[in-house]
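File shown: protein_14.cif (mmCIF, C-alpha atoms).
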```
data_entry
loop_
_atom_site.label_atom_id
_atom_site.label_comp_id
_atom_site.auth_asym_id
_atom_site.auth_seq_id
_atom_site.Cartn_x
_atom_site.Cartn_y
_atom_site.Cartn_z
CA MET G 5 26.89 -260.48 247.10
CA GLU G 6 23.32 -260.54 248.40
CA PHE G 7 20.80 -258.01 247.08
CA ASP G 8 20.42 -256.41 250.52
CA ASP G 9 24.17 -255.89 250.69
CA PHE G 10 24.00 -253.73 247.58
CA TYR G 11 20.61 -252.03 247.66
CA SER G 12 19.78 -249.31 250.16
CA GLU G 13 17.20 -246.55 250.43
CA ASP G 14 19.96 -243.96 250.26
CA LEU G 15 21.20 -245.47 247.00
CA ARG G 16 17.67 -245.39 245.60
CA LYS G 17 17.29 -241.72 246.51
CA GLN G 18 20.62 -240.93 244.90
CA GLN G 19 19.45 -242.62 241.70
CA TYR G 20 16.26 -240.55 241.60
CA LYS G 21 18.19 -237.38 242.39
CA ALA G 22 20.56 -238.08 239.51
CA ALA G 23 17.52 -238.51 237.27
CA GLY G 24 16.19 -235.08 238.27
CA ILE G 25 13.67 -235.84 241.01
CA ASP G 26 13.79 -233.69 244.16
CA ALA G 27 13.70 -235.44 247.53
CA ASP G 28 10.34 -233.90 248.52
CA VAL G 29 8.74 -235.05 245.25
CA LEU G 30 10.09 -238.57 245.74
CA ASP G 31 8.95 -238.80 249.36
CA TYR G 32 5.49 -237.49 248.53
CA CYS G 33 5.06 -239.89 245.63
CA ASP G 34 6.30 -242.83 247.71
CA ALA G 35 3.69 -242.08 250.38
CA VAL G 36 0.89 -241.96 247.81
CA CYS G 37 2.13 -245.11 246.11
CA GLY G 38 2.08 -247.00 249.40
CA SER G 39 -1.65 -246.35 249.73
CA LEU G 40 -2.38 -248.03 246.39
CA ARG G 41 -1.05 -251.55 247.02
CA ASP G 42 -4.47 -253.21 247.39
CA ARG G 43 -5.74 -251.48 244.26
CA PHE G 44 -2.71 -252.64 242.30
CA GLY G 45 -3.31 -256.20 243.48
CA ARG G 46 -6.76 -256.17 241.86
CA ILE G 47 -5.24 -254.89 238.61
CA ASP G 48 -2.75 -257.76 238.65
CA SER G 49 -5.64 -260.23 239.05
CA ILE G 50 -7.36 -258.86 235.94
CA ALA G 51 -4.06 -259.00 234.04
CA GLU G 52 -3.66 -262.64 235.04
CA PHE G 53 -7.17 -263.47 233.81
CA ASN G 54 -6.59 -261.72 230.47
CA GLN G 55 -3.14 -263.25 230.06
CA ILE G 56 -4.62 -266.74 230.24
CA LYS G 57 -7.37 -265.68 227.84
CA VAL G 58 -4.83 -264.60 225.21
CA LEU G 59 -2.62 -267.63 225.83
CA HIS G 60 -5.58 -269.97 225.40
CA ALA G 61 -6.58 -268.24 222.13
CA MET G 62 -3.06 -268.75 220.76
CA GLN G 63 -3.00 -272.40 221.79
CA GLU G 64 -6.53 -273.03 220.56
CA ASN G 65 -5.64 -271.66 217.12
CA GLN G 66 -2.36 -273.60 217.00
CA VAL G 67 0.02 -270.70 216.56
CA SER G 68 3.28 -272.13 215.26
CA GLU G 69 6.73 -270.87 214.35
CA ALA G 70 5.61 -270.72 210.72
CA CYS G 71 3.08 -268.05 211.72
CA LEU G 72 5.91 -265.69 212.67
CA GLY G 73 7.29 -265.50 209.13
CA SER G 74 6.85 -262.81 206.50
CA THR G 75 5.12 -262.30 203.19
CA THR G 76 5.44 -259.60 200.56
CA GLY G 77 3.57 -258.51 197.48
CA TYR G 78 -0.06 -259.62 197.42
CA GLY G 79 0.29 -261.64 200.60
CA TYR G 80 -1.77 -264.57 199.37
CA ASP G 81 -1.99 -267.53 201.77
CA ASP G 82 -0.29 -265.65 204.62
CA ILE G 83 -0.72 -268.20 207.40
CA GLY G 84 0.60 -265.86 210.09
CA ARG G 85 -1.77 -263.04 209.15
CA ASP G 86 -4.80 -265.32 208.91
CA ARG G 87 -4.02 -267.16 212.14
CA LEU G 88 -3.48 -263.89 214.03
CA GLU G 89 -6.92 -262.73 212.99
CA LYS G 90 -8.35 -265.96 214.38
CA VAL G 91 -6.50 -265.32 217.65
CA TYR G 92 -8.06 -261.85 217.90
CA ALA G 93 -11.50 -263.25 217.11
CA SER G 94 -11.10 -265.98 219.74
CA THR G 95 -9.87 -263.54 222.38
CA PHE G 96 -12.61 -260.99 221.75
CA LYS G 97 -15.30 -263.67 221.22
CA THR G 98 -16.22 -262.54 217.70
CA GLU G 99 -16.89 -264.33 214.42
CA ASP G 100 -14.00 -262.71 212.58
CA ALA G 101 -11.30 -260.04 212.77
CA LEU G 102 -9.22 -257.83 210.52
CA VAL G 103 -5.72 -257.15 211.94
CA ARG G 104 -3.42 -255.39 209.50
CA PRO G 105 -0.33 -253.19 209.36
CA GLN G 106 -2.01 -251.41 206.44
CA ILE G 107 -4.42 -249.86 208.97
CA VAL G 108 -2.31 -246.88 209.93
CA CYS G 109 -4.00 -245.72 213.15
CA GLY G 110 -7.11 -245.96 215.27
CA THR G 111 -8.88 -243.21 213.32
CA HIS G 112 -8.19 -245.12 210.11
CA ALA G 113 -9.62 -248.32 211.61
CA LEU G 114 -12.75 -246.48 212.70
CA GLY G 115 -13.07 -244.81 209.30
CA LEU G 116 -12.82 -248.21 207.58
CA ALA G 117 -15.43 -249.74 209.86
CA LEU G 118 -17.82 -246.85 209.26
CA ALA G 119 -17.27 -246.47 205.51
CA GLY G 120 -17.44 -250.22 204.96
CA ASN G 121 -20.75 -250.60 206.75
CA LEU G 122 -22.60 -247.43 205.76
CA ARG G 123 -24.11 -246.54 202.41
CA PRO G 124 -25.50 -243.31 200.88
CA GLY G 125 -28.75 -242.40 202.59
CA ASP G 126 -27.83 -244.14 205.86
CA GLU G 127 -27.56 -242.26 209.14
CA LEU G 128 -24.85 -242.67 211.77
CA LEU G 129 -25.90 -242.10 215.38
CA SER G 130 -23.67 -241.34 218.36
CA PRO G 131 -25.62 -241.85 221.60
CA VAL G 132 -22.69 -240.66 223.75
CA GLY G 133 -22.27 -237.11 222.49
CA LYS G 134 -19.42 -235.64 220.50
CA PRO G 135 -16.87 -238.10 219.05
CA TYR G 136 -13.10 -237.79 219.33
CA ASP G 137 -11.70 -234.81 217.42
CA THR G 138 -10.12 -236.74 214.54
CA LEU G 139 -13.44 -238.43 213.73
CA GLU G 140 -15.13 -235.11 213.07
CA GLU G 141 -13.60 -234.91 209.59
CA VAL G 142 -14.20 -238.62 208.94
CA ILE G 143 -17.90 -238.08 209.62
CA GLY G 144 -18.08 -234.64 208.05
CA ILE G 145 -18.98 -232.65 211.16
CA ARG G 146 -16.07 -230.54 210.01
CA PRO G 147 -15.99 -230.59 206.20
CA SER G 148 -13.18 -232.69 204.72
CA LYS G 149 -12.47 -234.40 201.42
CA GLY G 150 -13.80 -237.94 201.31
CA SER G 151 -15.90 -237.63 204.47
CA LEU G 152 -18.98 -239.76 205.03
CA ALA G 153 -21.07 -236.63 204.52
CA GLU G 154 -19.71 -236.29 200.98
CA TYR G 155 -21.02 -239.79 200.28
CA GLY G 156 -24.51 -238.98 201.52
CA VAL G 157 -24.24 -240.40 205.04
CA THR G 158 -25.92 -238.21 207.64
CA TYR G 159 -25.01 -237.90 211.29
CA ARG G 160 -26.94 -237.37 214.50
CA GLN G 161 -25.81 -237.34 218.11
CA VAL G 162 -27.50 -237.49 221.48
CA ASP G 163 -25.58 -235.75 224.23
CA LEU G 164 -25.07 -237.34 227.61
CA LEU G 165 -27.08 -236.09 230.56
CA PRO G 166 -25.36 -233.69 233.00
CA ASP G 167 -24.32 -236.63 235.21
CA ASP G 168 -22.66 -238.36 232.21
CA SER G 169 -25.40 -241.00 232.02
CA PHE G 170 -27.15 -242.04 228.81
CA ASP G 171 -30.18 -240.07 227.68
CA PHE G 172 -32.30 -243.14 226.89
CA GLU G 173 -35.40 -241.19 225.89
CA GLY G 174 -33.33 -238.91 223.68
CA ILE G 175 -31.74 -241.95 222.03
CA ARG G 176 -35.15 -243.54 221.45
CA ALA G 177 -36.36 -240.36 219.76
CA ALA G 178 -33.23 -240.09 217.62
CA ILE G 179 -33.43 -243.59 216.12
CA SER G 180 -35.25 -243.38 212.79
CA ASP G 181 -35.80 -245.51 209.72
CA ARG G 182 -32.59 -244.03 208.27
CA THR G 183 -30.45 -245.00 211.25
CA LYS G 184 -28.09 -247.78 210.18
CA LEU G 185 -25.11 -247.75 212.53
CA VAL G 186 -24.68 -246.67 216.15
CA SER G 187 -21.16 -245.71 217.27
CA ILE G 188 -20.26 -245.82 220.98
CA GLN G 189 -16.97 -244.29 222.08
CA ARG G 190 -15.75 -246.13 225.17
CA SER G 191 -13.04 -243.68 226.17
CA LYS G 192 -13.48 -240.01 226.97
CA GLY G 193 -11.33 -238.54 224.19
CA TYR G 194 -10.54 -234.87 224.82
CA GLN G 195 -13.45 -234.50 227.20
CA THR G 196 -13.66 -234.62 230.97
CA ARG G 197 -16.55 -237.06 231.07
CA LYS G 198 -16.13 -240.52 232.51
CA SER G 199 -15.24 -243.49 230.31
CA PHE G 200 -17.83 -246.23 230.02
CA SER G 201 -17.58 -249.68 231.54
CA VAL G 202 -18.28 -252.79 229.50
CA SER G 203 -21.36 -253.31 231.66
CA GLU G 204 -22.69 -249.81 230.87
CA ILE G 205 -21.99 -250.33 227.17
CA GLY G 206 -23.87 -253.64 227.31
CA GLU G 207 -26.86 -251.93 228.90
CA LEU G 208 -26.88 -249.30 226.15
CA ILE G 209 -26.57 -251.92 223.40
CA ARG G 210 -29.48 -253.93 224.82
CA PHE G 211 -31.61 -250.78 224.88
CA ILE G 212 -30.72 -249.93 221.26
CA LYS G 213 -31.26 -253.47 219.99
CA GLY G 214 -34.59 -253.54 221.84
CA ILE G 215 -35.73 -250.68 219.64
CA ARG G 216 -34.17 -251.86 216.37
CA PRO G 217 -32.55 -255.33 216.45
CA ASP G 218 -31.23 -254.80 212.92
CA LEU G 219 -29.02 -251.83 213.88
CA THR G 220 -25.26 -252.32 213.69
CA VAL G 221 -23.48 -251.23 216.88
CA MET G 222 -19.80 -250.34 216.72
CA VAL G 223 -17.68 -249.61 219.80
CA ASP G 224 -14.55 -247.50 219.57
CA ASN G 225 -12.52 -249.68 221.94
CA CYS G 226 -9.32 -247.60 221.86
CA TYR G 227 -7.50 -247.52 225.22
CA GLY G 228 -9.94 -250.02 226.74
CA GLU G 229 -8.63 -253.43 225.72
CA PHE G 230 -7.71 -255.72 228.65
CA VAL G 231 -8.63 -253.14 231.30
CA GLU G 232 -11.58 -255.33 232.30
CA CYS G 233 -12.17 -259.08 232.06
CA MET G 234 -14.66 -258.66 229.20
CA GLU G 235 -14.75 -256.63 225.99
CA PRO G 236 -17.77 -254.86 224.42
CA SER G 237 -17.98 -257.61 221.79
CA GLU G 238 -19.05 -259.95 224.60
CA VAL G 239 -22.06 -257.80 225.51
CA GLY G 240 -23.62 -257.34 222.08
CA ALA G 241 -21.37 -255.05 220.01
CA ASP G 242 -21.30 -256.01 216.33
CA MET G 243 -17.84 -254.48 215.92
CA ILE G 244 -15.07 -253.35 218.23
CA VAL G 245 -12.29 -251.25 216.74
CA GLY G 246 -8.85 -250.21 217.96
CA SER G 247 -5.22 -249.37 217.27
CA LEU G 248 -2.20 -251.65 217.64
CA ILE G 249 -0.03 -248.81 218.94
CA LYS G 250 -2.36 -248.71 221.93
CA ASN G 251 -3.20 -251.56 224.32
CA PRO G 252 -3.36 -254.65 222.05
CA GLY G 253 0.03 -254.03 220.43
CA GLY G 254 1.77 -254.41 223.78
CA GLY G 255 4.32 -251.75 222.85
CA LEU G 256 5.88 -253.97 220.16
CA ALA G 257 3.57 -253.43 217.18
CA PRO G 258 5.07 -250.59 215.12
CA SER G 259 1.80 -249.82 213.34
CA GLY G 260 -1.58 -251.31 212.61
CA GLY G 261 -5.17 -251.54 213.72
CA TYR G 262 -7.94 -254.08 214.17
CA ILE G 263 -11.64 -254.53 213.59
CA ALA G 264 -13.25 -257.54 215.30
CA GLY G 265 -16.91 -258.46 215.00
CA THR G 266 -19.48 -260.26 212.93
CA LYS G 267 -18.29 -261.89 209.74
CA GLN G 268 -20.39 -259.51 207.65
CA CYS G 269 -19.11 -256.35 209.34
CA VAL G 270 -15.48 -257.43 209.11
CA GLU G 271 -15.86 -258.46 205.48
CA ASN G 272 -17.41 -255.09 204.61
CA ALA G 273 -14.49 -253.28 206.27
CA ALA G 274 -11.95 -255.51 204.48
CA TYR G 275 -13.43 -254.61 201.09
CA ARG G 276 -12.97 -250.96 202.00
CA LEU G 277 -9.39 -251.51 203.21
CA THR G 278 -8.31 -253.24 200.00
CA THR G 279 -10.82 -253.31 197.16
CA PRO G 280 -14.10 -255.01 196.21
CA GLY G 281 -13.45 -258.58 195.14
CA LEU G 282 -10.21 -258.92 197.10
CA GLY G 283 -11.06 -258.10 200.72
CA LYS G 284 -9.11 -260.09 203.31
CA GLU G 285 -7.36 -262.30 200.76
CA VAL G 286 -4.58 -259.77 200.13
CA GLY G 287 -2.30 -257.69 202.33
CA ALA G 288 1.24 -258.83 203.09
CA SER G 289 2.44 -259.03 206.69
CA LEU G 290 5.79 -257.45 205.71
CA GLY G 291 7.79 -259.09 208.50
CA LEU G 292 5.60 -257.74 211.32
CA SER G 293 3.83 -260.94 212.35
CA GLU G 294 6.24 -261.78 215.17
CA LYS G 295 5.83 -258.34 216.74
CA PHE G 296 2.05 -258.49 216.35
CA TYR G 297 1.85 -261.89 218.04
CA GLN G 298 4.30 -261.12 220.81
CA GLY G 299 2.81 -257.68 221.43
CA PHE G 300 -0.68 -259.16 221.75
CA PHE G 301 0.68 -261.80 224.12
CA LEU G 302 2.25 -259.12 226.34
CA ALA G 303 -0.72 -256.74 226.09
CA PRO G 304 -2.53 -257.76 229.31
CA THR G 305 0.48 -257.09 231.55
CA VAL G 306 1.55 -253.97 229.65
CA THR G 307 -1.99 -252.62 229.98
CA ALA G 308 -1.85 -253.36 233.72
CA SER G 309 1.34 -251.27 234.03
CA ALA G 310 -0.32 -248.38 232.21
CA LEU G 311 -3.39 -248.70 234.40
CA LYS G 312 -1.30 -248.51 237.56
CA GLY G 313 0.33 -245.36 236.20
CA ALA G 314 -3.06 -243.77 235.54
CA ILE G 315 -4.28 -244.48 239.08
CA PHE G 316 -1.01 -243.22 240.54
CA ALA G 317 -1.32 -239.98 238.53
CA ALA G 318 -4.90 -239.51 239.72
CA ALA G 319 -3.92 -240.04 243.36
CA ILE G 320 -0.98 -237.61 243.14
CA TYR G 321 -2.80 -234.73 241.47
CA GLU G 322 -6.09 -235.23 243.29
CA SER G 323 -4.27 -235.01 246.62
CA LEU G 324 -2.77 -231.68 245.51
CA GLY G 325 -6.22 -230.25 244.76
CA PHE G 326 -6.39 -230.58 240.98
CA PRO G 327 -9.63 -231.96 239.46
CA VAL G 328 -9.01 -235.40 237.95
CA VAL G 329 -11.18 -237.70 235.84
CA PRO G 330 -11.58 -240.43 236.86
CA ALA G 331 -11.00 -239.98 240.57
CA ALA G 332 -8.23 -242.00 242.16
CA SER G 333 -10.74 -244.32 243.86
CA ALA G 334 -13.05 -244.70 240.85
CA SER G 335 -13.39 -247.89 238.82
CA ARG G 336 -11.31 -247.97 235.62
CA HIS G 337 -12.51 -248.70 232.10
CA ASP G 338 -9.58 -247.41 230.03
CA ILE G 339 -5.97 -246.37 230.63
CA ILE G 340 -6.50 -242.62 230.24
CA GLN G 341 -6.19 -240.19 233.12
CA SER G 342 -7.10 -236.53 232.78
CA VAL G 343 -5.90 -233.75 235.06
CA VAL G 344 -7.54 -230.33 234.81
CA PHE G 345 -5.15 -227.43 235.38
CA GLY G 346 -7.41 -224.57 234.31
CA LYS G 347 -4.53 -222.82 232.55
CA PRO G 348 -2.29 -223.71 229.58
CA GLU G 349 0.88 -223.53 231.68
CA GLY G 350 -0.20 -226.60 233.61
CA VAL G 351 -0.83 -228.68 230.50
CA ILE G 352 2.52 -227.65 229.05
CA ALA G 353 4.49 -228.29 232.26
CA PHE G 354 2.93 -231.73 232.70
CA CYS G 355 3.81 -232.69 229.12
CA GLU G 356 7.34 -231.37 229.57
CA GLY G 357 7.72 -233.72 232.52
CA ILE G 358 6.47 -236.75 230.61
CA GLN G 359 8.85 -235.96 227.74
CA ALA G 360 11.75 -235.48 230.14
CA GLY G 361 10.93 -238.85 231.71
CA SER G 362 11.04 -240.72 228.41
CA PRO G 363 13.75 -243.06 227.09
CA VAL G 364 13.72 -241.44 223.63
CA ASP G 365 14.00 -237.69 222.95
CA SER G 366 14.02 -236.84 226.65
CA HIS G 367 16.03 -233.73 225.76
CA VAL G 368 13.25 -232.38 223.54
CA ARG G 369 10.79 -229.76 224.82
CA PRO G 370 7.25 -230.36 223.48
CA GLU G 371 5.29 -227.35 222.25
CA PRO G 372 1.66 -226.87 221.18
CA TRP G 373 1.05 -226.87 217.43
CA ALA G 374 -1.73 -227.11 214.86
CA MET G 375 -1.85 -230.88 214.38
CA PRO G 376 -3.83 -232.28 211.42
CA GLY G 377 -7.33 -233.40 212.38
CA TYR G 378 -7.72 -231.15 215.43
CA ASP G 379 -9.61 -227.87 215.77
CA SER G 380 -7.16 -226.26 218.23
CA ASP G 381 -3.46 -226.36 218.98
CA VAL G 382 -2.44 -229.61 220.66
CA ILE G 383 0.63 -230.48 222.72
CA MET G 384 1.88 -234.05 222.72
CA ALA G 385 4.66 -235.65 224.76
CA ALA G 386 5.76 -239.07 223.62
CA GLY G 387 9.41 -240.05 223.82
CA THR G 388 8.50 -243.47 222.52
CA PHE G 389 10.17 -246.31 220.65
CA VAL G 390 7.20 -246.33 218.24
CA GLN G 391 6.26 -242.86 217.03
CA GLY G 392 3.04 -241.71 218.70
CA SER G 393 2.52 -244.96 220.58
CA SER G 394 0.14 -244.16 223.40
CA ILE G 395 0.55 -247.47 225.20
CA GLU G 396 4.03 -246.15 225.90
CA LEU G 397 4.47 -243.29 228.37
CA SER G 398 2.74 -240.32 226.79
CA SER G 399 0.51 -237.32 227.44
CA ASP G 400 -1.30 -234.79 225.34
CA GLY G 401 -4.03 -232.21 225.40
CA PRO G 402 -5.67 -229.44 223.40
CA ILE G 403 -4.76 -225.90 224.40
CA ARG G 404 -8.32 -224.86 225.13
CA ASP G 405 -10.61 -224.50 228.11
CA PRO G 406 -10.68 -226.25 230.61
CA TYR G 407 -6.96 -226.86 229.91
CA ALA G 408 -6.88 -230.54 230.78
CA VAL G 409 -4.01 -232.90 230.07
CA TYR G 410 -4.54 -236.55 229.20
CA PHE G 411 -1.99 -239.08 230.41
CA GLN G 412 -1.71 -242.69 229.34
CA GLY G 413 0.68 -245.57 228.90
CA GLY G 414 3.81 -246.99 230.39
CA LEU G 415 5.29 -250.28 229.19
CA THR G 416 6.45 -251.01 232.74
CA TRP G 417 5.07 -249.83 236.05
CA PRO G 418 8.45 -248.42 237.25
CA HIS G 419 8.65 -246.24 234.14
CA ALA G 420 5.03 -245.07 234.43
CA LYS G 421 5.75 -244.17 238.06
CA PHE G 422 8.88 -242.24 237.14
CA GLY G 423 7.06 -240.36 234.37
CA ILE G 424 4.42 -239.14 236.82
CA MET G 425 7.13 -238.11 239.28
CA MET G 426 8.85 -236.11 236.56
CA SER G 427 5.56 -234.47 235.57
CA LEU G 428 5.08 -233.41 239.18
CA GLN G 429 8.65 -232.12 239.26
CA LYS G 430 7.98 -229.87 236.25
CA VAL G 431 4.60 -228.70 237.56
CA LYS G 432 6.32 -227.84 240.84
CA GLU G 433 9.08 -225.92 239.04
CA ALA G 434 6.43 -224.00 237.10
CA GLY G 435 4.99 -222.77 240.41
CA LEU G 436 1.53 -224.21 239.81
CA PHE G 437 0.99 -225.30 243.40
CA ASP G 438 2.42 -224.53 246.82
CA PRO G 439 5.47 -226.79 247.28
CA ALA G 440 4.79 -226.82 251.03
CA ARG G 441 1.98 -229.26 250.24
CA LEU G 442 4.61 -231.90 249.48
CA ARG G 443 5.76 -231.90 253.08
#
```

Take the structure in this file and express it as structure tokens.
Amino acid sequence: MEFDDFYSEDLRKQQYKAAGIDADVLDYCDAVCGSLRDRFGRIDSIAEFNQIKVLHAMQENQVSEACLGSTTGYGYDDIGRDRLEKVYASTFKTEDALVRPQIVCGTHALGLALAGNLRPGDELLSPVGKPYDTLEEVIGIRPSKGSLAEYGVTYRQVDLLPDDSFDFEGIRAAISDRTKLVSIQRSKGYQTRKSFSVSEIGELIRFIKGIRPDLTVMVDNCYGEFVECMEPSEVGADMIVGSLIKNPGGGLAPSGGYIAGTKQCVENAAYRLTTPGLGKEVGASLGLSEKFYQGFFLAPTVTASALKGAIFAAAIYESLGFPVVPAASASRHDIIQSVVFGKPEGVIAFCEGIQAGSPVDSHVRPEPWAMPGYDSDVIMAAGTFVQGSSIELSSDGPIRDPYAVYFQGGLTWPHAKFGIMMSLQKVKEAGLFDPARLR
């Protein structure tokens, strides 16, 4: 039987109806999706470029079947672990990398990079305003046990200008003799500012290094890997840091994080991860090497699927009159899409839709709660194969003004598309816009 003999548009609509999508929602989303074909073609071109980059790094470093094995205990002479770190370094054009399952999340990776490269009396500078919520306790902006502030590290930030551009004169004035490390957050976090392009980050790094060439510059690269053809480490960053349950894990890594950068910066972080004197020499791979390698190999195309979902979400909600950041037509520098509802009901309904569109726990209704590390109640929707994996279909947001939801992920484009459709279905059912606008 030929495909055309089986498939029909009526059959497709029946499938969506069975999955809970109304006909008007489907038709509206199809029309929007049709307008994005050229944009999606450009995303596929970037994915192709990055796929060859990763493939070449694996071939160049002679990844073999032996690298996919496991070690336990101390993990001495773990060829798979050591070779994987060379693959990351080659891909991101750095001297070295630390890629470990013992790094439990992106915040942990950032904390290691900061604590390993700062000493009592040093000052940490953020030239892009407030950091992501969970870093506030790491730094000591909000008091917490073991924070950098408790170890005598001070903190200063320079807010962005009203148009979200860098305040270069403010940054120049903030850099002092005590300044040791500058931290640039690529993604927006729980803010409605734009995310920064690699080119913009490079411009900022050149400005900072022009003032003090000895300063260490770290870029929080979470959600940004493989979105562009270059990474911040290729435009002057001394360290880039991220989580393996985001872009570079490709949806297969069950845990882990990475720090890639200069040999000195990575070594300092490794001594903080394990202990002085041991550093990178220990740390068993615990049977995860195969997933780490395969996930990294798939990461460029998985990231492309998530990116298509973000653009689709922006186009849908922007066309219905909701403020979105970035705009549907804007250039993309991470996989996150925010939609501002202006009321908590919108954030909750959107997250209910994402949860209902998930392969795991689709029957569960997400609710806001006081999550550790946040200063307000947060709602999170993530019916994922890996708990909390935000390269998989997920959304979240703090229940506070301006009541914005943050959407990201989607291991495949069809699933990302369905998740957005289901979010729109729930927002429609909650009465948050005039359903006549779908016609």

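For the residues G:Leu118, G:Ala153, G:Val344, G:Ile205, ranking by smallest atom-to-atom distance to Phe170 in chain G using all atoms listed in the file places G:Ile205 first.
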
Restricting to only C-alpha atoms, whichever of G:Pro236, G:Gly283, G:Gly423, G:Gly246 is closest to Ser203 in chain G is G:Pro236

Using all atoms listed in the file, which residues sit within 9 Å of range 49-52 of chain G once same-chain residues fewer than 2 positions away are excluded, as a ChimeraX atom specification?
/G:44-47,54-57,230-233,303-308

Rounded to one decimal in Å, what is the spacing between CA of Val270 in chain G and CA of Ala178 in chain G?
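Going from CA of Val270 in chain G over to CA of Ala178 in chain G, I get 26.2 Å.
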
Give me the result of the PyMOL selection byres ((chain G and resi 123-137) around 8) on this file, residue by residue, as a PyMOL selection string.
chain G and resi 119+121-122+138-140+155-164+170-171+175+178-179+182-189+192-194+377-379

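Put simply, the PyMOL selection byres ((chain G and resi 404-414) around 6) in this file takes in Ala310, Ile339, Ile340, Gln341, Ser342, Val343, Val344, Phe345, Gly346, Lys347, Pro348, Val351, Ser394, Ile395, Glu396, Leu397, Ser398, Ser399, Asp400, Gly401, Pro402, Ile403, Leu415, Thr416 and Ala420 of chain G.
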
In Å and to one decimal, CA of Lys149 in chain G is distant from CA of Gly115 in chain G by 13.1 Å

I need the output of the PyMOL selection byres ((chain G and resi 242) around 9) for this file as a ChimeraX atom specification; which residues are they?
/G:98,220-223,236-237,240-241,243-244,264-266,269

Residue neighbourhood Ala113 in chain G, 7 Å, all atoms listed in the file, exclusion window fewer than 2 positions, as a list in words:
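These residues fall inside the cut-off: Ile107, Cys109, Gly110, Thr111, Gly115, Leu116, Ala117, Val245, Gly246, Gly261, Tyr262 and Ile263 of chain G.
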
Using all atoms listed in the file, can you list as a list in words the residues within 8 Å of (8.6, -235.6, 238.9)?
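Neighbouring residues, ordered by chain and number, come to Gly24, Ile25, Asp26, Val29, Leu30, Gly357, Phe422, Gly423, Ile424, Met425, Met426, Ser427, Leu428, Gln429 and Lys430 of chain G.
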
Extract, using all atoms listed in the file, all DNA, RNA and protein residues at most 8 Å from Gly287 in chain G, discarding same-chain residues fewer than 3 positions from it, and format them as a ChimeraX atom specification.
/G:77-80,104,106,278,284

Would you mind telling me which residue in G:Ser148, G:Ser293, G:Ala385, G:Ser180 lies nearest to Glu89 in chain G when using only C-alpha atoms?
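Looking only at the distances to Glu89 in chain G, the closest residue turns out to be G:Ser293.
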
What gap, in Å, lies between CA of Ser151 in chain G and CA of Gln195 in chain G?
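It comes out at 23.1 Å.
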
Tell me which protein, DNA and RNA residues are within 9 Å of range 60-71 of chain G, counting only C-alpha atoms, leaving out same-chain ones fewer than 3 positions away, and put them as a VMD selection string.
chain G and resid 55 to 57 74 82 to 88 90 to 95 293 to 294 297 301

Store the residues picked out above in a file with C-alpha atoms, as a PDB file, in the frame of the given file.
```pdb
ATOM      1  CA  GLN G  55      -3.140-263.250 230.060  1.00  0.00           C
ATOM      2  CA  ILE G  56      -4.620-266.740 230.240  1.00  0.00           C
ATOM      3  CA  LYS G  57      -7.370-265.680 227.840  1.00  0.00           C
ATOM      4  CA  SER G  74       6.850-262.810 206.500  1.00  0.00           C
ATOM      5  CA  ASP G  82      -0.290-265.650 204.620  1.00  0.00           C
ATOM      6  CA  ILE G  83      -0.720-268.200 207.400  1.00  0.00           C
ATOM      7  CA  GLY G  84       0.600-265.860 210.090  1.00  0.00           C
ATOM      8  CA  ARG G  85      -1.770-263.040 209.150  1.00  0.00           C
ATOM      9  CA  ASP G  86      -4.800-265.320 208.910  1.00  0.00           C
ATOM     10  CA  ARG G  87      -4.020-267.160 212.140  1.00  0.00           C
ATOM     11  CA  LEU G  88      -3.480-263.890 214.030  1.00  0.00           C
ATOM     12  CA  LYS G  90      -8.350-265.960 214.380  1.00  0.00           C
ATOM     13  CA  VAL G  91      -6.500-265.320 217.650  1.00  0.00           C
ATOM     14  CA  TYR G  92      -8.060-261.850 217.900  1.00  0.00           C
ATOM     15  CA  ALA G  93     -11.500-263.250 217.110  1.00  0.00           C
ATOM     16  CA  SER G  94     -11.100-265.980 219.740  1.00  0.00           C
ATOM     17  CA  THR G  95      -9.870-263.540 222.380  1.00  0.00           C
ATOM     18  CA  SER G 293       3.830-260.940 212.350  1.00  0.00           C
ATOM     19  CA  GLU G 294       6.240-261.780 215.170  1.00  0.00           C
ATOM     20  CA  TYR G 297       1.850-261.890 218.040  1.00  0.00           C
ATOM     21  CA  PHE G 301       0.680-261.800 224.120  1.00  0.00           C
TER      22      PHE G 301
END
```

Given only C-alpha atoms as the basis, pick out the residue of G:Ser289, G:Val329, G:Gly120, G:Asp381 nearest to Ala274 in chain G.
G:Gly120

Missing atoms in range 355-359 of chain G: can you complete it with N, CA and C atoms, as a PDB file, keeping the file's coordinate frame?
```
ATOM      1  N   CYS G 355       3.276-232.017 230.311  1.00  0.00           N
ATOM      2  CA  CYS G 355       3.810-232.690 229.120  1.00  0.00           C
ATOM      3  C   CYS G 355       5.329-232.597 229.055  1.00  0.00           C
ATOM      4  N   GLU G 356       5.883-231.482 229.516  1.00  0.00           N
ATOM      5  CA  GLU G 356       7.340-231.370 229.570  1.00  0.00           C
ATOM      6  C   GLU G 356       7.929-232.434 230.494  1.00  0.00           C
ATOM      7  N   GLY G 357       7.242-232.701 231.602  1.00  0.00           N
ATOM      8  CA  GLY G 357       7.720-233.720 232.520  1.00  0.00           C
ATOM      9  C   GLY G 357       7.677-235.111 231.935  1.00  0.00           C
ATOM     10  N   ILE G 358       6.586-235.434 231.240  1.00  0.00           N
ATOM     11  CA  ILE G 358       6.470-236.750 230.610  1.00  0.00           C
ATOM     12  C   ILE G 358       7.557-236.923 229.545  1.00  0.00           C
ATOM     13  N   GLN G 359       7.801-235.872 228.756  1.00  0.00           N
ATOM     14  CA  GLN G 359       8.850-235.960 227.740  1.00  0.00           C
ATOM     15  C   GLN G 359      10.217-236.133 228.383  1.00  0.00           C
TER      16      GLN G 359
END
```
